[in-house]
Structures are given as C-alpha cells and as structure tokens.
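Engineer: Can you read through this structure? Questions will come right after.
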Amino acid sequence: MTSVYLNPAQFKAELERCLNCPTQPCFKACPTACNPASFIQLAKIGRLRAAANDLRQTNPMAHVCGLLCPERFCMQACTRGRIDFPIHIPAVQAYLMRAAEKEGPSAESSCPESSVPTQGSAVAVIGAGPAGLSAACRLAQNGYPVTLFEQSDRIGGALNMIPAERLPCNALAADWNFIQSAGRITLRLNTPVPDIQKTAADFAGVIVATGLPIGGMLNIPGETDILPYQTYLTNPETYAGGGNVAVIGGGNVAADCALTALQNGATHVELFVRRGLKHMRMSARERNTLIERGVEITTLTRPTGVVRQADGLLTLETIKTRLTEGKLTDIPGTRLNCPDWRVIIKAIGSVKTRFPESATLIEAGDCKSGSSTVVEAVASGKAAADKLIQTLKEKTSSP
Ligand code: SF4
C-alpha cells in the first residue's frame, strides 16, 4: 500500500515549487482561511513546527483536512497550476502536521486557552463529527465550557466510515489531542440527544452538528435491495466476501465504498456514475487510485431498477445518459441489464432535515447544508460557534 503521506523528497520538491505569490490565491480559496502561502514559507526555512502552529490557528482539524481535502479549493486556485501543475497543498499540510506531532506537543501547538478567562455560560454541541469538533474547539478557545454529546461510542462521525488507507487513525487522534488541549470540553459518548429543545433549556446555547440522516433516494423499483452507504460503511465486515459489488455514485464516499469492498474480498467492484468522469466529486488522484486498484468506472449511466434473481444475486437495470448544457437526459434505446451483483450500494447525497434554528440553537455541518467536504464542515462548525459566541456576548452585555 502506498503511503498517504509525501516522502521527505516529495515534500521538499513541493515547497521549492511554491512561488510565494503576493496575491495568495490559495489563501483566499480555503474555506477555513488557512494560509498555504504562509505555512509553506515557514516550512521552506525549516520551521516545521511554526508552520504547523500557523495551520492550527485556523483549522483545528488540520491533519485530517490535509489528508482529505479535495483539489477544488486551494489547489484549484494555485498559480503554479497555470505553469505546470498546482502545489499539492493538502499533502504538504498533512506532512507538516505529522512531522510536528512526531516532535511532541509544544506550548504553541496547544489551543491558546490559558489566556482566555472561563465564561459563565455553558454550551452544548450535539455531534462529534468534524463540524461539532470544530465548533466545540472554537467555543472552548473562547472560554465557554462545552458539553459535547455523541450518540456513538467514538468521535469523528462520518470520518469513521473512511478506510484507513485514506485516513489513518493517527490523524483524527492528533486533531482531537489539539482540540482537547483547549480544556473546558466534556465529551459524553454513547449519549444520544432525542429531544434537542429539551436539552437546549439546560444550556445557554446549543450547536447541532448531527450530520446527515440515512437517506438519499434513487426512487427506482427494487431500491430496498440497495444498501445505503452509511449502513455499508458502518459495518462493512457484515457484507464481506467475494463476488461483484456495484457502487452507485461518483464522489468521495463512493470511492470509500469501493475501496472498502475490495479490502473485504470483492472480486469485482464497479462504480456507476450518472455524469462524466470530469464531473465526479473526487480528486484525480483518488480516481486514479481506484483505477489502479482495479475498480471499474462506468460513466453516463443511470440506474433504473434492481431485481433480485432466483439465485439471490441482484440485477442492476440501467440506461445511458447524455449531458447537454448541464442538463442530464436519458438516451432512448440504451437500457441494459447488469446481472450478478452480490451487493449494490448507493453512495449518493442524503437529504438534509429541516430544523428550527434560533439565535442560540444553531445548525452546523452536513445537517445544515447537505453533503459537504470535511474542510467545509470545519468552516461551518467555526462559523456556527462564532455566531453563538456573538449572541452570548450580546446577551451578557445587554442590561
Ligand atoms: S498559489 Fe500556489 S504557488 Fe502561489 S503561494 Fe499559494 S501555494 Fe504557493
């Protein structure tokens, strides 16, 4: 298995390629306001820990984001892309974080909580995924005691569904170490919050970051025989074994399902994608990894139904599509039956639930905006925390 981290030579080469652009387009493109131009310059002069600390100032989940950020933010904006190819900024970030963590904690690499007095208002964050963790960190850094509720037995939320070959567990552990260093966070695992309004009455403010519900309907006959990705990725060993596995979807989650199926013994794994290769919501690097690992990708194909065969396997019924001026239409006469799937997984976006927000009850992450990337969830958690802090400050200062 190739490492998810750059090696020292690759890291150095990426640093050398950076142009230190005065306009810093990479900075402007980051949802969490990380500044690659700045941390790359620090790393260039050997100040790796300072560079990592720089990252931590804006992104409490800097290590995880370094491993998972797609190309469409800083890399897409990188000036170097117009000369040859963009700096692989997220990979540089992941290398930096790991290098600094290997050196051990320093005073600066912890949350700067000691200088901030503890506030009287206790707050709650519901959900310990990327948005919830980031919100909890921001609130704690600003002096608020936080109770962080998580219904499962571990932090990370949807990150726990990502295969270790894409997200080694050390990355989340490192980010959690940093978040905890803010102090004031009480983590309550195995604690679902069935009545959010009731819980809200016990706190000065609540941030709801519960992620997406299981959902995402294809609305096709036989859909009950298709596994939602959340069901599959939560317990992939339940579905382990040889045979064919189909994954409907073309994003990061579909890639995770495909890689997990391979790890669990599938002999043939195929992605069915409604749009073309260039519209898939994964980086070229991730797509190439899939192809190198033998995952087939069938594009411009829409599932129309699933039929259980007499032998228990599944037939996926499809039709070819065409994309014209952004509009996807079926091509008449192109229906095709694809038989003999042992498992069919749908890795498509879930529908967000509506929630009655107020000034002190604020949504963050996927449950607010639908499926998003980790870096967007982090930004959303930070923004929700800032909004709540502002409200609490106004309440405190009003007579
Ligand atoms: S845009 Fe690219 S080349 Fe320019 S400073 Fe940012 S990382 Fe370096």
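If you're wondering about the labels, chains in the structure tokens are A, B, ... by order shown, residues count from 1 in each chain, ligands from 1 in order shown.
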What do you get as a PyMOL selection string if you pick all residues at most 12 Å from ligand 1, counting only C-alpha atoms and all ligand atoms?
Structural biologist: chain A and resi 14-30+34-44+73-93
Engineer: Could those residues be written to a file, using N, CA and C atoms, as a short mmCIF file (atom, residue, chain, number, x, y, z; two decimals), in the first residue's frame?
Structural biologist:
data_model
loop_
_atom_site.label_atom_id
_atom_site.label_comp_id
_atom_site.auth_asym_id
_atom_site.auth_seq_id
_atom_site.Cartn_x
_atom_site.Cartn_y
_atom_site.Cartn_z
N GLU A 14 7.79 19.95 -3.36
CA GLU A 14 6.58 20.78 -3.38
C GLU A 14 6.87 22.16 -2.80
N LEU A 15 7.64 22.21 -1.70
CA LEU A 15 7.97 23.51 -1.10
C LEU A 15 8.73 24.38 -2.10
N GLU A 16 9.68 23.77 -2.79
CA GLU A 16 10.51 24.52 -3.73
C GLU A 16 9.69 25.08 -4.89
N ARG A 17 8.63 24.39 -5.24
CA ARG A 17 7.82 24.84 -6.38
C ARG A 17 6.95 26.03 -6.05
N CYS A 18 6.71 26.28 -4.76
CA CYS A 18 5.81 27.38 -4.38
C CYS A 18 6.40 28.74 -4.79
N LEU A 19 5.58 29.59 -5.36
CA LEU A 19 6.04 30.88 -5.90
C LEU A 19 5.89 32.02 -4.89
N ASN A 20 5.34 31.72 -3.72
CA ASN A 20 5.09 32.76 -2.71
C ASN A 20 4.35 33.95 -3.34
N CYS A 21 3.26 33.65 -3.97
CA CYS A 21 2.51 34.67 -4.73
C CYS A 21 2.04 35.80 -3.80
N PRO A 22 2.30 37.05 -4.17
CA PRO A 22 1.86 38.17 -3.34
C PRO A 22 0.33 38.21 -3.16
N THR A 23 -0.42 37.75 -4.15
CA THR A 23 -1.89 37.81 -4.05
C THR A 23 -2.48 36.65 -3.27
N GLN A 24 -1.71 35.64 -2.99
CA GLN A 24 -2.11 34.49 -2.18
C GLN A 24 -3.48 33.91 -2.56
N PRO A 25 -3.65 33.49 -3.80
CA PRO A 25 -4.95 32.92 -4.20
C PRO A 25 -5.29 31.65 -3.43
N CYS A 26 -4.28 30.91 -3.00
CA CYS A 26 -4.52 29.67 -2.24
C CYS A 26 -5.20 30.00 -0.92
N PHE A 27 -4.79 31.08 -0.29
CA PHE A 27 -5.36 31.53 0.99
C PHE A 27 -6.84 31.88 0.81
N LYS A 28 -7.10 32.64 -0.26
CA LYS A 28 -8.48 33.09 -0.49
C LYS A 28 -9.41 31.93 -0.78
N ALA A 29 -8.87 30.81 -1.27
CA ALA A 29 -9.73 29.69 -1.67
C ALA A 29 -10.03 28.71 -0.54
N CYS A 30 -9.39 28.91 0.61
CA CYS A 30 -9.57 27.92 1.69
C CYS A 30 -10.82 28.24 2.52
N CYS A 34 -7.16 28.93 6.06
CA CYS A 34 -5.74 28.53 6.22
C CYS A 34 -4.93 29.29 5.17
N ASN A 35 -3.69 29.57 5.48
CA ASN A 35 -2.88 30.33 4.54
C ASN A 35 -1.68 29.51 4.06
N PRO A 36 -1.86 28.77 2.95
CA PRO A 36 -0.75 27.94 2.45
C PRO A 36 0.49 28.75 2.13
N ALA A 37 0.29 29.94 1.57
CA ALA A 37 1.48 30.76 1.23
C ALA A 37 2.32 30.98 2.47
N SER A 38 1.67 31.19 3.60
CA SER A 38 2.39 31.46 4.84
C SER A 38 3.04 30.20 5.40
N PHE A 39 2.26 29.09 5.51
CA PHE A 39 2.88 27.91 6.14
C PHE A 39 3.93 27.26 5.25
N ILE A 40 3.79 27.42 3.94
CA ILE A 40 4.82 26.87 3.05
C ILE A 40 6.13 27.65 3.21
N GLN A 41 6.03 28.98 3.35
CA GLN A 41 7.25 29.77 3.52
C GLN A 41 7.96 29.42 4.83
N LEU A 42 7.18 29.21 5.89
CA LEU A 42 7.79 28.80 7.16
C LEU A 42 8.47 27.44 7.02
N ALA A 43 7.80 26.53 6.34
CA ALA A 43 8.38 25.19 6.16
C ALA A 43 9.64 25.25 5.32
N LYS A 44 9.66 26.16 4.35
CA LYS A 44 10.82 26.30 3.46
C LYS A 44 12.09 26.64 4.23
N PHE A 73 -10.35 23.42 -3.89
CA PHE A 73 -10.19 24.64 -3.10
C PHE A 73 -8.81 25.25 -3.40
N CYS A 74 -7.86 25.14 -2.48
CA CYS A 74 -6.57 25.82 -2.65
C CYS A 74 -5.83 25.37 -3.91
N MET A 75 -5.89 24.08 -4.20
CA MET A 75 -5.12 23.60 -5.36
C MET A 75 -5.65 24.16 -6.67
N GLN A 76 -6.97 24.26 -6.75
CA GLN A 76 -7.55 24.80 -7.98
C GLN A 76 -7.16 26.26 -8.17
N ALA A 77 -6.97 26.96 -7.05
CA ALA A 77 -6.63 28.38 -7.13
C ALA A 77 -5.12 28.61 -7.31
N CYS A 78 -4.32 27.60 -7.07
CA CYS A 78 -2.85 27.77 -7.02
C CYS A 78 -2.29 28.26 -8.37
N THR A 79 -1.54 29.35 -8.32
CA THR A 79 -0.95 29.95 -9.52
C THR A 79 -0.08 28.95 -10.28
N ARG A 80 0.59 28.11 -9.53
CA ARG A 80 1.52 27.16 -10.13
C ARG A 80 0.82 26.24 -11.15
N GLY A 81 -0.50 26.06 -10.95
CA GLY A 81 -1.27 25.22 -11.86
C GLY A 81 -1.30 25.77 -13.28
N ARG A 82 -1.06 27.08 -13.41
CA ARG A 82 -1.08 27.66 -14.77
C ARG A 82 0.29 27.52 -15.44
N ILE A 83 1.29 27.12 -14.67
CA ILE A 83 2.63 26.93 -15.24
C ILE A 83 2.86 25.45 -15.58
N ASP A 84 2.68 24.59 -14.59
CA ASP A 84 2.75 23.16 -14.84
C ASP A 84 1.60 22.45 -14.11
N PHE A 85 1.73 22.27 -12.81
CA PHE A 85 0.62 21.69 -12.05
C PHE A 85 0.66 22.27 -10.64
N PRO A 86 -0.51 22.36 -10.00
CA PRO A 86 -0.56 23.06 -8.70
C PRO A 86 0.27 22.37 -7.63
N ILE A 87 0.68 23.19 -6.64
CA ILE A 87 1.32 22.62 -5.46
C ILE A 87 0.30 21.69 -4.80
N HIS A 88 0.74 20.52 -4.36
CA HIS A 88 -0.19 19.62 -3.66
C HIS A 88 -0.29 20.09 -2.21
N ILE A 89 -1.02 21.19 -2.02
CA ILE A 89 -1.05 21.87 -0.71
C ILE A 89 -1.57 20.96 0.41
N PRO A 90 -2.70 20.24 0.20
CA PRO A 90 -3.16 19.40 1.31
C PRO A 90 -2.11 18.36 1.73
N ALA A 91 -1.40 17.80 0.76
CA ALA A 91 -0.38 16.79 1.11
C ALA A 91 0.77 17.42 1.88
N VAL A 92 1.14 18.65 1.51
CA VAL A 92 2.17 19.37 2.26
C VAL A 92 1.69 19.59 3.70
N GLN A 93 0.44 19.96 3.82
CA GLN A 93 -0.16 20.20 5.14
C GLN A 93 -0.13 18.93 6.00
#
Engineer: Compile a residue-level contact table for region 184-241 of chain A against region 316-322 of chain A at a cut-off of 12 Å, reporting for every qualifying residue the shortest atom pair and its distance in Å to one decimal, with only C-alpha atoms counted, rows ordered by chain and ascending number, as CSV.
Structural biologist:
residue,atom,partner,partner_atom,distance
A:Ile220,CA,A:Glu317,CA,9.7
A:Pro221,CA,A:Glu317,CA,9.7
A:Gly222,CA,A:Leu316,CA,9.3
A:Glu223,CA,A:Leu316,CA,10.2
A:Asp225,CA,A:Leu316,CA,10.4
A:Ile226,CA,A:Leu316,CA,9.8
Engineer: Near Thr231 (chain A), counting only C-alpha atoms, which residues have an atom at most 10 Å away, once you skip same-chain residues fewer than 4 positions from it, shown as a list in words?
Structural biologist: Met161, Ile214, Leu227, Asn235, Pro236, Thr238, Ile345 and Lys346 of chain A
Engineer: May I have the residues within 7 Å of Glu270 (chain A) as a PDB file with all heavy atoms, in the first residue's frame, using only C-alpha atoms and disregarding those fewer than 3 positions away in the same chain?
Structural biologist:
ATOM      1  N   VAL A 245     -19.502  -6.287  -6.556  1.00  0.00           N
ATOM      2  CA  VAL A 245     -20.101  -5.209  -5.760  1.00  0.00           C
ATOM      3  C   VAL A 245     -20.255  -3.984  -6.662  1.00  0.00           C
ATOM      4  O   VAL A 245     -19.291  -3.543  -7.284  1.00  0.00           O
ATOM      5  CB  VAL A 245     -19.229  -4.862  -4.532  1.00  0.00           C
ATOM      6  CG1 VAL A 245     -19.785  -3.633  -3.806  1.00  0.00           C
ATOM      7  CG2 VAL A 245     -19.159  -6.052  -3.567  1.00  0.00           C
ATOM      8  N   ALA A 246     -21.469  -3.471  -6.735  1.00  0.00           N
ATOM      9  CA  ALA A 246     -21.726  -2.246  -7.508  1.00  0.00           C
ATOM     10  C   ALA A 246     -21.904  -1.084  -6.551  1.00  0.00           C
ATOM     11  O   ALA A 246     -22.511  -1.229  -5.490  1.00  0.00           O
ATOM     12  CB  ALA A 246     -22.987  -2.413  -8.348  1.00  0.00           C
ATOM     13  N   VAL A 247     -21.332   0.049  -6.920  1.00  0.00           N
ATOM     14  CA  VAL A 247     -21.497   1.260  -6.107  1.00  0.00           C
ATOM     15  C   VAL A 247     -22.120   2.325  -7.002  1.00  0.00           C
ATOM     16  O   VAL A 247     -21.577   2.649  -8.064  1.00  0.00           O
ATOM     17  CB  VAL A 247     -20.148   1.761  -5.553  1.00  0.00           C
ATOM     18  CG1 VAL A 247     -20.368   2.994  -4.684  1.00  0.00           C
ATOM     19  CG2 VAL A 247     -19.436   0.669  -4.768  1.00  0.00           C
ATOM     20  N   VAL A 295     -10.797  -0.933  -9.786  1.00  0.00           N
ATOM     21  CA  VAL A 295     -12.217  -0.563  -9.749  1.00  0.00           C
ATOM     22  C   VAL A 295     -12.621  -0.025 -11.126  1.00  0.00           C
ATOM     23  O   VAL A 295     -11.971   0.872 -11.658  1.00  0.00           O
ATOM     24  CB  VAL A 295     -12.475   0.511  -8.665  1.00  0.00           C
ATOM     25  CG1 VAL A 295     -13.925   0.993  -8.714  1.00  0.00           C
ATOM     26  CG2 VAL A 295     -12.131  -0.036  -7.284  1.00  0.00           C
ATOM     27  N   GLU A 296     -13.670  -0.593 -11.695  1.00  0.00           N
ATOM     28  CA  GLU A 296     -14.147  -0.095 -12.989  1.00  0.00           C
ATOM     29  C   GLU A 296     -15.094   1.077 -12.760  1.00  0.00           C
ATOM     30  O   GLU A 296     -15.843   1.099 -11.774  1.00  0.00           O
ATOM     31  CB  GLU A 296     -14.872  -1.212 -13.747  1.00  0.00           C
ATOM     32  CG  GLU A 296     -13.907  -2.240 -14.298  1.00  0.00           C
ATOM     33  CD  GLU A 296     -14.600  -3.259 -15.192  1.00  0.00           C
ATOM     34  OE1 GLU A 296     -15.638  -2.922 -15.811  1.00  0.00           O
ATOM     35  OE2 GLU A 296     -14.096  -4.385 -15.249  1.00  0.00           O
ATOM     36  N   ILE A 297     -15.044   2.042 -13.654  1.00  0.00           N
ATOM     37  CA  ILE A 297     -15.936   3.195 -13.534  1.00  0.00           C
ATOM     38  C   ILE A 297     -16.780   3.284 -14.804  1.00  0.00           C
ATOM     39  O   ILE A 297     -16.239   3.420 -15.902  1.00  0.00           O
ATOM     40  CB  ILE A 297     -15.135   4.499 -13.315  1.00  0.00           C
ATOM     41  CG1 ILE A 297     -14.267   4.396 -12.044  1.00  0.00           C
ATOM     42  CG2 ILE A 297     -16.091   5.698 -13.211  1.00  0.00           C
ATOM     43  CD1 ILE A 297     -13.358   5.586 -11.800  1.00  0.00           C
TER      44      ILE A 297
END
Engineer: Residues of region 180-287 of chain A that have any atom at most 8 Å from an atom of region 380-398 of chain A: could you tabulate them with the shortest-distance atom pair and the distance in Å to one decimal, using only C-alpha atoms, ordered by chain and increasing number, as a Markdown table?
Structural biologist:
| residue | atom | partner | partner_atom | distance |
| --- | --- | --- | --- | --- |
| A:Ala204 | CA | A:Leu392 | CA | 7.6 |
| A:Gly205 | CA | A:Leu388 | CA | 6.8 |
| A:Ile207 | CA | A:Ala384 | CA | 7.0 |
| A:Ala209 | CA | A:Gly381 | CA | 7.8 |
Engineer: If you keep C-alpha atoms, can you produce a file of those selected residues as a PDB file, in the first residue's frame?
Structural biologist:
ATOM      1  CA  ALA A 204     -27.011  28.973  27.216  1.00  0.00           C
ATOM      2  CA  GLY A 205     -26.637  27.845  23.623  1.00  0.00           C
ATOM      3  CA  ILE A 207     -24.913  23.829  18.234  1.00  0.00           C
ATOM      4  CA  ALA A 209     -23.993  19.081  14.181  1.00  0.00           C
TER       5      ALA A 209
END
Engineer: List as a PDB file with N, CA and C atoms, in the first residue's frame the protein and nucleic acid residues near Ala347 (chain A), meaning an atom at most 7 Å away when only C-alpha atoms are counted, but skip any in the same chain fewer than 4 places from it.
Structural biologist:
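Final file, around_12.pdb:
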ATOM      1  N   PRO A 228     -27.783   1.607   1.704  1.00  0.00           N
ATOM      2  CA  PRO A 228     -27.254   2.972   1.828  1.00  0.00           C
ATOM      3  C   PRO A 228     -25.791   2.899   2.280  1.00  0.00           C
ATOM      4  N   TYR A 229     -24.993   3.856   1.838  1.00  0.00           N
ATOM      5  CA  TYR A 229     -23.556   3.805   2.166  1.00  0.00           C
ATOM      6  C   TYR A 229     -23.311   3.832   3.665  1.00  0.00           C
ATOM      7  N   VAL A 247     -21.332   0.049  -6.920  1.00  0.00           N
ATOM      8  CA  VAL A 247     -21.497   1.260  -6.107  1.00  0.00           C
ATOM      9  C   VAL A 247     -22.120   2.325  -7.002  1.00  0.00           C
ATOM     10  N   ILE A 248     -23.251   2.857  -6.589  1.00  0.00           N
ATOM     11  CA  ILE A 248     -23.919   3.904  -7.365  1.00  0.00           C
ATOM     12  C   ILE A 248     -23.505   5.250  -6.781  1.00  0.00           C
ATOM     13  N   GLY A 249     -22.805   6.053  -7.569  1.00  0.00           N
ATOM     14  CA  GLY A 249     -22.333   7.354  -7.086  1.00  0.00           C
ATOM     15  C   GLY A 249     -20.918   7.599  -7.558  1.00  0.00           C
ATOM     16  N   VAL A 253     -17.384   9.414  -1.149  1.00  0.00           N
ATOM     17  CA  VAL A 253     -17.987   8.325  -0.384  1.00  0.00           C
ATOM     18  C   VAL A 253     -18.091   7.075  -1.245  1.00  0.00           C
ATOM     19  N   ALA A 254     -18.394   7.267  -2.517  1.00  0.00           N
ATOM     20  CA  ALA A 254     -18.441   6.118  -3.433  1.00  0.00           C
ATOM     21  C   ALA A 254     -17.061   5.463  -3.503  1.00  0.00           C
TER      22      ALA A 254
END
Engineer: So which bits of region 110-243 of chain A end up strand (DSSP E or B) when you DSSP the backbone, as a list of chain:residue names?
Structural biologist: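 Filtering region 110-243 of chain A down to strand (DSSP E or B) leaves A:Val123, A:Ala124, A:Val125, A:Ile126, A:Val146, A:Thr147, A:Leu148, A:Phe149, A:Ile185, A:Thr186, A:Leu187, A:Arg188, A:Gly205, A:Val206, A:Ile207, A:Val208, A:Leu227, A:Pro228.
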Engineer: Return as a VMD selection string the full set of residues in region 96-277 of chain A whose backbone-based DSSP assignment is alpha helix (DSSP H).
Structural biologist: chain A and resid 96 to 102 130 to 141 169 to 180 196 to 200 229 to 234 252 to 263
